[in-house]
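Q: Below is the file model_17.csv, which contains CSV, C-alpha atoms and all ligand atoms.
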chain,number,residue,atom,x,y,z
A,1,SER,CA,0.0,0.0,0.0
A,2,SER,CA,1.2,3.5,-0.7
A,3,VAL,CA,0.4,7.1,-0.1
A,4,ALA,CA,0.7,10.0,-2.7
A,5,ILE,CA,2.4,13.2,-1.6
A,6,ASN,CA,2.5,16.0,-4.1
A,7,GLY,CA,1.9,13.4,-6.9
A,8,ARG,CA,4.7,11.1,-5.8
A,9,PHE,CA,4.0,7.7,-4.3
A,10,PHE,CA,5.5,6.5,-1.1
A,11,SER,CA,5.1,3.3,0.8
A,12,ASN,CA,3.1,4.0,4.0
A,13,GLN,CA,4.9,1.2,5.7
A,14,ALA,CA,8.1,3.2,5.8
A,15,HIS,CA,8.9,2.3,9.4
A,16,SER,CA,7.2,-1.1,9.7
A,17,GLN,CA,9.9,-2.5,7.5
A,18,PRO,CA,12.8,-4.7,8.8
A,19,PRO,CA,15.6,-2.7,10.5
A,20,LEU,CA,17.2,-0.2,8.2
A,21,ARG,CA,20.7,-1.5,9.0
A,22,ALA,CA,22.1,2.0,8.8
A,23,SER,CA,25.0,2.8,11.1
A,24,PHE,CA,24.3,6.5,11.1
A,25,GLY,CA,21.4,8.9,11.6
A,26,ILE,CA,20.6,12.5,10.7
A,27,ALA,CA,18.9,15.2,12.8
A,28,PHE,CA,17.6,18.1,10.7
A,29,ASP,CA,17.0,21.6,12.1
A,30,ILE,CA,13.9,23.1,10.4
A,31,ASP,CA,14.0,26.9,10.4
A,32,GLY,CA,16.9,28.2,8.3
A,33,VAL,CA,17.9,24.7,7.1
A,34,LEU,CA,14.8,23.0,5.5
A,35,LEU,CA,12.3,25.9,5.6
A,36,ARG,CA,12.2,29.6,5.9
A,37,GLY,CA,8.6,30.4,6.9
A,38,GLU,CA,6.8,27.8,4.9
A,39,THR,CA,9.1,27.9,2.0
A,40,PRO,CA,11.6,25.1,1.4
A,41,VAL,CA,15.3,26.2,1.2
A,42,GLY,CA,18.6,24.7,0.2
A,43,GLY,CA,17.0,22.0,-2.0
A,44,SER,CA,15.5,20.5,1.1
A,45,PRO,CA,12.8,18.3,-0.6
A,46,GLN,CA,15.4,16.8,-3.0
A,47,ALA,CA,17.8,16.2,-0.1
A,48,LEU,CA,15.1,14.4,2.0
A,49,ARG,CA,14.0,12.3,-1.0
A,50,ARG,CA,17.5,10.8,-1.1
A,51,LEU,CA,16.8,9.2,2.3
A,52,TYR,CA,14.1,7.0,0.7
A,53,ASP,CA,14.6,4.2,-1.8
A,54,ASP,CA,12.9,4.1,-5.2
A,55,SER,CA,9.8,2.5,-3.8
A,56,GLY,CA,9.6,5.4,-1.3
A,57,THR,CA,10.6,3.3,1.8
A,58,LEU,CA,12.8,5.1,4.3
A,59,ARG,CA,16.4,3.8,4.1
A,60,ILE,CA,18.2,6.4,6.3
A,61,PRO,CA,17.0,7.1,9.8
A,62,TYR,CA,16.3,10.8,10.3
A,63,VAL,CA,14.4,13.1,12.6
A,64,PHE,CA,13.4,16.8,12.7
A,65,LEU,CA,15.1,18.4,15.7
A,66,THR,CA,13.6,21.9,15.9
A,67,ASN,CA,13.2,24.5,18.6
A,68,GLY,CA,10.0,25.7,16.9
A,69,GLY,CA,6.6,24.4,17.6
A,70,GLY,CA,3.0,25.4,18.4
A,71,VAL,CA,1.1,22.4,17.1
A,72,PRO,CA,1.1,18.8,18.3
A,73,GLU,CA,3.8,16.6,16.7
A,74,SER,CA,1.1,14.6,14.9
A,75,LYS,CA,-0.2,17.7,13.1
A,76,ARG,CA,3.4,19.0,12.4
A,77,ALA,CA,4.2,15.7,10.8
A,78,ILE,CA,1.4,16.2,8.3
A,79,GLU,CA,2.4,19.8,7.6
A,80,LEU,CA,6.0,18.8,7.1
A,81,SER,CA,5.0,16.0,4.7
A,82,LYS,CA,3.1,18.5,2.6
A,83,LEU,CA,5.8,21.2,2.6
A,84,LEU,CA,8.7,18.9,2.0
A,85,SER,CA,7.0,16.2,-0.1
A,86,VAL,CA,8.1,13.2,1.9
A,87,PRO,CA,6.1,11.0,4.3
A,88,VAL,CA,6.8,12.1,7.9
A,89,LEU,CA,5.8,10.2,11.0
A,90,PRO,CA,4.9,12.0,14.3
A,91,SER,CA,7.7,10.0,16.0
A,92,GLN,CA,10.2,11.7,13.7
A,93,VAL,CA,9.2,15.2,14.9
A,94,ILE,CA,11.0,16.5,18.0
A,95,GLN,CA,9.8,20.1,18.7
A,96,GLY,CA,11.0,22.4,21.4
A,97,HIS,CA,8.1,21.8,23.7
A,98,LEU,CA,8.4,17.9,23.6
A,99,PRO,CA,10.1,17.8,27.1
A,100,PHE,CA,6.9,19.3,28.6
A,101,LYS,CA,5.4,15.8,28.1
A,102,GLN,CA,7.4,14.7,31.1
A,103,LEU,CA,5.6,17.2,33.3
A,104,ALA,CA,2.2,16.0,32.4
A,105,GLU,CA,2.1,13.6,35.4
A,106,ARG,CA,3.0,16.4,37.8
A,107,PHE,CA,0.5,18.9,36.5
A,108,GLY,CA,-1.9,16.6,34.8
A,109,ASN,CA,-5.0,17.6,36.7
A,110,GLU,CA,-4.0,21.1,37.7
A,111,LEU,CA,-4.9,24.3,35.9
A,112,VAL,CA,-2.0,25.3,33.7
A,113,ILE,CA,-1.7,28.1,31.1
A,114,ALA,CA,-0.3,27.5,27.6
A,115,VAL,CA,1.2,30.5,25.7
A,116,GLY,CA,2.1,31.0,22.1
A,117,LYS,CA,1.2,30.9,18.4
A,118,GLY,CA,-0.7,28.0,16.9
A,119,GLU,CA,-2.6,25.7,19.3
A,120,PRO,CA,-0.6,25.7,22.5
A,121,ALA,CA,-3.4,24.2,24.6
A,122,ALA,CA,-3.8,21.3,22.1
A,123,VAL,CA,-0.1,20.6,22.4
A,124,LEU,CA,-0.2,20.2,26.1
A,125,SER,CA,-3.5,18.3,25.9
A,126,GLU,CA,-1.9,15.8,23.5
A,127,TYR,CA,0.9,15.4,26.1
A,128,GLY,CA,-1.7,14.4,28.8
A,129,PHE,CA,-2.4,17.7,30.6
A,130,LYS,CA,-6.2,17.6,31.5
A,131,ASN,CA,-6.8,21.2,32.7
A,132,VAL,CA,-5.1,23.5,30.2
A,133,LEU,CA,-6.2,26.9,28.9
A,134,ALA,CA,-4.5,28.9,26.2
A,135,ILE,CA,-3.6,32.4,27.5
A,136,ASP,CA,-6.1,33.9,24.9
A,137,GLU,CA,-9.0,32.0,26.5
A,138,TYR,CA,-7.7,32.6,30.1
A,139,ALA,CA,-7.4,36.4,29.5
A,140,SER,CA,-10.9,36.6,28.1
A,141,TYR,CA,-12.4,35.9,31.6
A,142,PHE,CA,-10.7,38.9,33.2
A,143,GLU,CA,-12.4,42.1,32.2
A,144,HIS,CA,-10.0,45.1,31.5
A,145,ILE,CA,-7.0,42.8,32.0
A,146,ASP,CA,-5.5,44.2,28.8
A,147,PRO,CA,-6.3,48.0,28.6
A,148,LEU,CA,-5.0,48.0,25.0
A,149,GLU,CA,-7.3,45.3,23.7
A,150,LYS,CA,-9.7,47.8,22.0
A,151,PHE,CA,-6.8,49.1,19.9
A,152,LYS,CA,-5.9,45.6,18.7
A,153,ASN,CA,-7.9,45.1,15.6
A,154,TRP,CA,-6.5,41.6,14.8
A,155,SER,CA,-7.9,40.4,11.5
A,156,ASP,CA,-8.0,36.8,12.8
A,157,LYS,CA,-9.1,37.0,16.5
A,158,PRO,CA,-9.2,33.6,18.2
A,159,ASP,CA,-12.7,32.2,18.3
A,160,TYR,CA,-13.2,31.1,21.9
A,161,GLU,CA,-16.6,29.7,21.1
A,162,LYS,CA,-15.1,27.1,18.9
A,163,SER,CA,-12.2,26.4,21.2
A,164,THR,CA,-12.0,22.8,22.4
A,165,PHE,CA,-10.3,24.0,25.6
A,166,ARG,CA,-12.8,26.1,27.4
A,167,ALA,CA,-12.9,26.9,31.1
A,168,SER,CA,-16.7,26.3,31.1
A,169,ASP,CA,-16.2,22.7,30.0
A,170,MET,CA,-13.8,22.3,32.9
A,171,LYS,CA,-16.4,23.3,35.4
A,172,MET,CA,-14.3,25.9,37.1
A,173,ASP,CA,-14.0,29.6,37.3
A,174,PRO,CA,-10.6,30.7,35.9
A,175,CYS,CA,-10.8,33.9,38.0
A,176,LEU,CA,-10.8,31.9,41.2
A,177,GLU,CA,-8.8,28.9,40.3
A,178,ARG,CA,-5.1,29.0,41.1
A,179,VAL,CA,-2.8,28.6,38.0
A,180,GLN,CA,-0.3,25.9,39.0
A,181,ALA,CA,2.2,26.3,36.1
A,182,VAL,CA,2.7,28.4,33.0
A,183,PHE,CA,4.2,26.9,29.8
A,184,ILE,CA,5.6,29.1,27.0
A,185,VAL,CA,4.9,26.6,24.2
A,186,SER,CA,5.7,28.7,21.1
A,187,ASP,CA,6.4,32.3,20.2
A,188,SER,CA,4.1,34.8,21.9
A,189,VAL,CA,1.8,36.5,19.4
A,190,ASP,CA,0.8,39.5,21.5
A,191,TRP,CA,3.9,40.4,23.6
A,192,SER,CA,2.2,43.3,25.4
A,193,ARG,CA,-0.9,41.3,26.5
A,194,ASP,CA,1.1,38.2,27.3
A,195,ILE,CA,3.7,40.0,29.4
A,196,GLN,CA,0.9,41.8,31.3
A,197,VAL,CA,-1.1,38.7,32.0
A,198,LEU,CA,1.9,36.6,32.9
A,199,CYS,CA,3.1,39.3,35.3
A,200,ASP,CA,-0.4,39.1,36.9
A,201,ILE,CA,-0.4,35.3,37.2
A,202,LEU,CA,3.2,35.0,38.3
A,203,SER,CA,3.4,37.8,40.8
A,204,THR,CA,0.3,36.8,42.7
A,205,GLY,CA,0.9,33.1,42.9
A,206,GLY,CA,-1.5,32.2,40.2
A,207,VAL,CA,-4.7,34.1,41.0
A,208,PRO,CA,-4.6,37.6,39.4
A,209,GLY,CA,-6.0,40.3,41.7
A,210,ARG,CA,-6.8,38.0,44.6
A,211,GLU,CA,-3.8,37.4,46.8
A,212,ILE,CA,0.0,37.2,46.9
A,213,SER,CA,1.9,34.0,47.3
A,214,SER,CA,4.9,32.2,45.7
A,215,GLN,CA,5.4,32.2,42.0
A,216,PRO,CA,4.0,29.2,40.1
A,217,PRO,CA,6.6,27.3,38.0
A,218,LEU,CA,7.3,28.9,34.5
A,219,TYR,CA,8.7,26.8,31.6
A,220,PHE,CA,10.0,28.0,28.3
A,221,ALA,CA,10.1,25.5,25.4
A,222,THR,CA,13.3,27.0,24.1
A,223,ASP,CA,15.7,29.9,24.6
A,224,ASP,CA,16.4,31.0,21.0
A,225,LEU,CA,17.3,34.7,20.9
A,226,CYS,CA,16.8,34.9,17.1
A,227,TYR,CA,15.8,32.6,14.2
A,228,GLN,CA,15.7,32.9,10.5
A,229,GLY,CA,12.3,33.4,8.9
A,230,LEU,CA,11.5,34.6,5.4
A,231,PHE,CA,12.5,38.2,6.1
A,232,PRO,CA,16.2,38.7,5.3
A,233,MET,CA,17.1,39.9,8.9
A,234,GLU,CA,16.8,37.5,11.8
A,235,ARG,CA,13.6,37.6,13.8
A,236,LEU,CA,13.2,37.7,17.6
A,237,GLY,CA,12.6,34.3,19.1
A,238,MET,CA,11.4,32.9,22.5
A,239,GLY,CA,14.6,33.9,24.2
A,240,ALA,CA,14.0,37.5,23.3
A,241,PHE,CA,10.5,37.3,24.7
A,242,LYS,CA,11.9,35.8,27.9
A,243,ILE,CA,14.4,38.7,28.3
A,244,ALA,CA,11.5,41.1,27.9
A,245,LEU,CA,9.3,39.3,30.5
A,246,GLU,CA,12.1,38.8,32.9
A,247,SER,CA,13.4,42.4,32.7
A,248,ILE,CA,10.0,43.9,33.3
A,249,TYR,CA,9.1,41.4,36.0
A,250,ASN,CA,12.3,42.0,37.9
A,251,ARG,CA,11.9,45.7,37.8
A,252,VAL,CA,8.3,45.7,39.0
A,253,TYR,CA,8.1,42.9,41.6
A,254,PRO,CA,10.3,42.2,44.6
A,255,HIS,CA,11.3,38.6,43.8
A,256,PRO,CA,13.3,37.7,40.6
A,257,LEU,CA,11.5,35.6,38.0
A,258,ASP,CA,12.2,31.9,38.4
A,259,TYR,CA,12.0,29.8,35.2
A,260,THR,CA,13.3,26.7,33.4
A,261,SER,CA,14.2,26.7,29.7
A,262,TYR,CA,14.4,23.6,27.4
A,263,GLY,CA,15.3,23.1,23.8
A,264,LYS,CA,18.6,23.0,21.9
A,265,PRO,CA,21.4,23.4,22.9
A,266,ASN,CA,20.4,21.5,26.0
A,267,PRO,CA,22.3,18.1,26.1
A,268,SER,CA,19.1,16.3,27.1
A,269,VAL,CA,17.6,17.3,23.8
A,270,PHE,CA,20.4,15.6,21.9
A,271,LYS,CA,20.3,12.5,24.1
A,272,ASN,CA,16.6,12.2,23.4
A,273,ALA,CA,17.2,12.7,19.7
A,274,GLU,CA,19.7,9.9,19.8
A,275,ASN,CA,17.2,7.6,21.4
A,276,VAL,CA,14.5,8.5,18.9
A,277,LEU,CA,16.9,8.0,16.0
A,278,MET,CA,17.7,4.5,17.3
A,279,GLU,CA,14.0,3.8,17.4
A,280,VAL,CA,13.5,5.0,13.9
A,281,ALA,CA,16.5,2.9,12.8
A,282,ALA,CA,15.1,0.0,14.8
A,283,SER,CA,18.6,-0.4,16.2
A,284,SER,CA,19.3,-1.3,19.7
A,285,ASN,CA,23.1,-1.4,19.2
A,286,GLY,CA,23.4,2.3,18.8
A,287,LEU,CA,24.4,4.4,15.7
A,288,LYS,CA,28.1,5.1,15.0
A,289,THR,CA,27.6,8.6,13.8
A,290,LEU,CA,24.7,11.1,14.3
A,291,TYR,CA,24.7,14.1,12.1
A,292,MET,CA,23.2,17.4,13.2
A,293,ILE,CA,22.5,19.8,10.3
A,294,GLY,CA,21.7,23.3,11.6
A,295,ASP,CA,21.9,26.9,10.8
A,296,ASN,CA,22.4,28.5,14.2
A,297,PRO,CA,26.0,28.1,15.7
A,298,HIS,CA,24.8,29.1,19.2
A,299,VAL,CA,22.1,26.5,19.3
A,300,ASP,CA,22.5,23.7,16.8
A,301,ILE,CA,26.3,23.6,16.6
A,302,LYS,CA,26.9,24.4,20.3
A,303,GLY,CA,24.4,21.7,21.2
A,304,ALA,CA,26.0,19.0,19.0
A,305,ARG,CA,29.5,19.9,20.2
A,306,GLN,CA,28.4,19.7,23.8
A,307,ALA,CA,26.7,16.4,23.2
A,308,GLY,CA,30.0,15.0,22.0
A,309,HIS,CA,30.4,11.5,20.5
A,310,PRO,CA,28.7,10.3,18.2
A,311,TRP,CA,27.5,13.7,17.1
A,312,PHE,CA,29.0,15.4,14.0
A,313,SER,CA,27.9,18.9,13.3
A,314,ILE,CA,27.2,20.5,9.9
A,315,LEU,CA,26.5,24.2,9.6
A,316,THR,CA,24.5,25.5,6.6
A,317,ARG,CA,24.5,29.1,5.2
A,318,THR,CA,20.7,29.2,4.5
A,319,GLY,CA,19.7,30.6,7.9
A,320,VAL,CA,21.2,32.5,10.9
A,321,PHE,CA,24.8,31.8,9.9
A,322,LYS,CA,25.9,33.6,6.8
A,323,GLY,CA,29.7,33.6,7.2
A,324,LYS,CA,32.3,32.6,4.7
A,325,GLU,CA,34.5,30.5,7.0
A,326,ASN,CA,33.5,28.5,10.1
A,327,HIS,CA,31.9,30.3,13.1
A,328,SER,CA,34.5,31.7,15.3
A,329,LEU,CA,33.1,30.5,18.7
A,330,TYR,CA,31.1,27.3,17.9
A,331,GLN,CA,33.0,25.7,15.1
A,332,ALA,CA,31.1,23.1,13.1
A,333,ASP,CA,32.8,19.9,11.9
A,334,LEU,CA,31.7,20.9,8.4
A,335,VAL,CA,30.3,24.1,6.9
A,336,VAL,CA,28.3,23.9,3.6
A,337,ASP,CA,26.0,26.2,1.7
A,338,THR,CA,22.8,24.1,1.8
A,339,VAL,CA,21.2,21.0,3.3
A,340,GLU,CA,21.4,19.4,-0.1
A,341,GLU,CA,25.1,19.6,0.1
A,342,ALA,CA,25.1,18.3,3.6
A,343,VAL,CA,23.1,15.2,2.7
A,344,HIS,CA,25.3,14.7,-0.3
A,345,TYR,CA,28.4,14.8,1.9
A,346,ILE,CA,26.9,12.3,4.4
A,347,LEU,CA,25.7,9.8,1.8
A,348,THR,CA,29.0,9.9,-0.1
A,349,LYS,CA,30.9,9.3,3.2
A,350,GLU,CA,28.6,6.6,4.5
A,351,THR,CA,27.6,4.6,1.5
B,1,LIG,O1,10.7,29.6,16.3
B,1,LIG,C1,11.6,28.7,15.7
B,1,LIG,C2,13.0,28.9,16.0
B,1,LIG,O2,13.2,29.4,17.3
B,1,LIG,C3,14.0,27.8,15.7
B,1,LIG,O3,13.6,26.7,14.9
B,1,LIG,O4,13.9,24.8,13.5
B,1,LIG,O5,15.7,26.5,13.7
B,1,LIG,O6,15.3,25.1,15.6
B,1,LIG,P1,14.7,25.7,14.4
B,2,MG,MG,17.3,26.8,12.7
When written as structure tokens, how does the structure in this file appear?
A:
Amino acid sequence: SSVAINGRFFSNQAHSQPPLRASFGIAFDIDGVLLRGETPVGGSPQALRRLYDDSGTLRIPYVFLTNGGGVPESKRAIELSKLLSVPVLPSQVIQGHLPFKQLAERFGNELVIAVGKGEPAAVLSEYGFKNVLAIDEYASYFEHIDPLEKFKNWSDKPDYEKSTFRASDMKMDPCLERVQAVFIVSDSVDWSRDIQVLCDILSTGGVPGREISSQPPLYFATDDLCYQGLFPMERLGMGAFKIALESIYNRVYPHPLDYTSYGKPNPSVFKNAENVLMEVAASSNGLKTLYMIGDNPHVDIKGARQAGHPWFSILTRTGVFKGKENHSLYQADLVVDTVEEAVHYILTKET
């Protein structure tokens, strides 16, 4: 049986085949390596196609290792399949917020707030959180919480009525219920509203306007200062939002903001990617070499270098890094122009 993607047929049993017997695996960064915005760059569809055989069966184990996110991995896999014209399984998608899954047990039944573009509440819900509200929905219960709201004529306002994650379904009053944790799942869309509401939640201990107690835990999916989108100059990422929130919070309130950040270059992210690659490869013996192809020296290359053996870092010039030589501080094992060149190098060396 097969599945057609952009007119090309692929076996839909890509990973139910016998072990791939590859001794290496590849982790692809997304923004600035495979895509800029929603546009493929660096010959990415052609590069990925080389990882499948003629019948469309996966022959080289690979994963997407991105600090981006905002939709559940299952949905992102479908989006990536369409944009890059290859079949992608949810298990191949490692987004910045995936470590939040480990916190589902701790906060599973508590009220938690999800912040960011896309469907942040759906992300946490898929991870097993039962009582999660998007900050859009949460803020809508507090009259006058955002004094600038009337000036924000967003063309595409979130439709709370259609939201699957409504406070009314949870049989609780968000204005009285204590928020037990806040998760920055993806890039904040409305910095002014989100910084204001987060200050309200975090400075009061989780019940805006009611009382003061200790700050609920705050988690950031990643710490990227900048990333490369479609605009020629780098765009401000979640790390920049964190600086803004932290600076304001620490100036206004007596206790410094306490938080935890995940994502690349954290060594645990690379360890998890290694485990996922072994699963994709159906190999329990380990893989001899793991290639990280990234565009951001401070994130992708620093992370792969810190992770050490068996990681081999490849830096492309299609994103954040635009230098002629290697990066001065975080030197990659190899610098190439595009992901297509990177894959060509790997396949020539390995096969
Ligand atoms: O918002 C996405 C950005 O922070 C990084 O994405 O794929 O380059 O890790 P990526
Ligand atoms: Mg990138």
Q: How close does chain A get to ligand MG 2 (chain B)? List, as a tab-separated table, each residue of chain A within 8 Å, its nearest atom pair and the distance in Å to one decimal, counting only C-alpha atoms and all ligand atoms.
A:
residue	atom	partner	partner_atom	distance
A:Asp29	CA	B:MG2	MG	5.2
A:Ile30	CA	B:MG2	MG	5.5
A:Asp31	CA	B:MG2	MG	4.0
A:Gly32	CA	B:MG2	MG	4.6
A:Val33	CA	B:MG2	MG	6.0
A:Thr66	CA	B:MG2	MG	6.9
A:Asn67	CA	B:MG2	MG	7.5
A:Tyr227	CA	B:MG2	MG	6.2
A:Gln228	CA	B:MG2	MG	6.7
A:Gly294	CA	B:MG2	MG	5.7
A:Asp295	CA	B:MG2	MG	5.0
A:Asn296	CA	B:MG2	MG	5.6
A:Asp300	CA	B:MG2	MG	7.3
A:Gly319	CA	B:MG2	MG	6.6
A:Val320	CA	B:MG2	MG	7.1
Q: What gap, in Å, lies between CA of Thr348 in chain A and CA of Val276 in chain A?
A: 23.9 Å
Q: From the options A:Ser247, A:Gln306, A:Ser283, A:Thr338, which residue's atoms come nearest to Lys322 in chain A, counting only C-alpha atoms?
A: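 Of A:Ser247, A:Gln306, A:Ser283, A:Thr338, the one nearest Lys322 in chain A is A:Thr338, counting only C-alpha atoms.
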Q: Between CA of Val63 in chain A and CA of Val280 in chain A, what is the spacing in Å?
A: 8.3 Å
Q: Using all atoms listed in the file, which residues sit within 9 Å of Tyr330 in chain A once same-chain residues fewer than 6 positions away are excluded, as a tab-separated table (two decimals) with C-alpha atoms, in the coordinates of the input?
A:
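Written output follows (selection-v1.tsv):
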chain	number	residue	atom	x	y	z
A	297	PRO	CA	26.00	28.10	15.70
A	298	HIS	CA	24.80	29.10	19.20
A	301	ILE	CA	26.30	23.60	16.60
A	302	LYS	CA	26.90	24.40	20.30
A	305	ARG	CA	29.50	19.90	20.20
Q: Quick check, in Å to one decimal: how far apart do CA of Leu80 in chain A and CA of Leu124 in chain A lie?
A: 20.0 Å
Q: Would you please work out which residue, of A:Pro208, A:Gly323, A:Gly25, A:Pro147, is nearest to Val336 in chain A when using all atoms listed in the file?
A: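 Using all atoms listed in the file, the shortest distance to Val336 in chain A belongs to A:Gly323.
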Q: Excluding same-chain residues fewer than 5 positions from Ala342 in chain A, what lies within 10 Å of it counting only C-alpha atoms, as a PyMOL selection string?
A: chain A and resi 42+47+291-293+314-316+334-337+347-348
Q: For a quick check of understanding, using only C-alpha atoms and all ligand atoms, which of A:Ser85, A:Thr222, A:Gln46, A:Asn109 has the smallest distance to ligand LIG 1 (chain B)?
A: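 Of the candidates, the smallest distance to ligand LIG 1 (chain B) is held by A:Thr222.
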Q: Which of these, A:Arg106, A:Lys152, A:His144, A:Lys264, has the shortest distance to ligand LIG 1 (chain B) once you count all atoms listed in the file?
A: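 Checking each candidate against ligand LIG 1 (chain B), we get A:Lys264 as the closest.
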Q: Compare A:Ser192, A:Ser81, A:Asn250, A:Ser261 by their minimum atom-to-atom distance to Glu38 in chain A, counting only C-alpha atoms, and give me the closest one.
A: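 Using only C-alpha atoms, Glu38 in chain A sits closest to A:Ser81.
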Q: Go through A:Arg49, A:Arg178, A:Lys117, A:Lys271 one by one, measure the shortest atom-to-atom distance of each to Ala27 in chain A using only C-alpha atoms, and give the residue with the smallest value.
A: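 Ranked by minimum distance to Ala27 in chain A, first place goes to A:Lys271.
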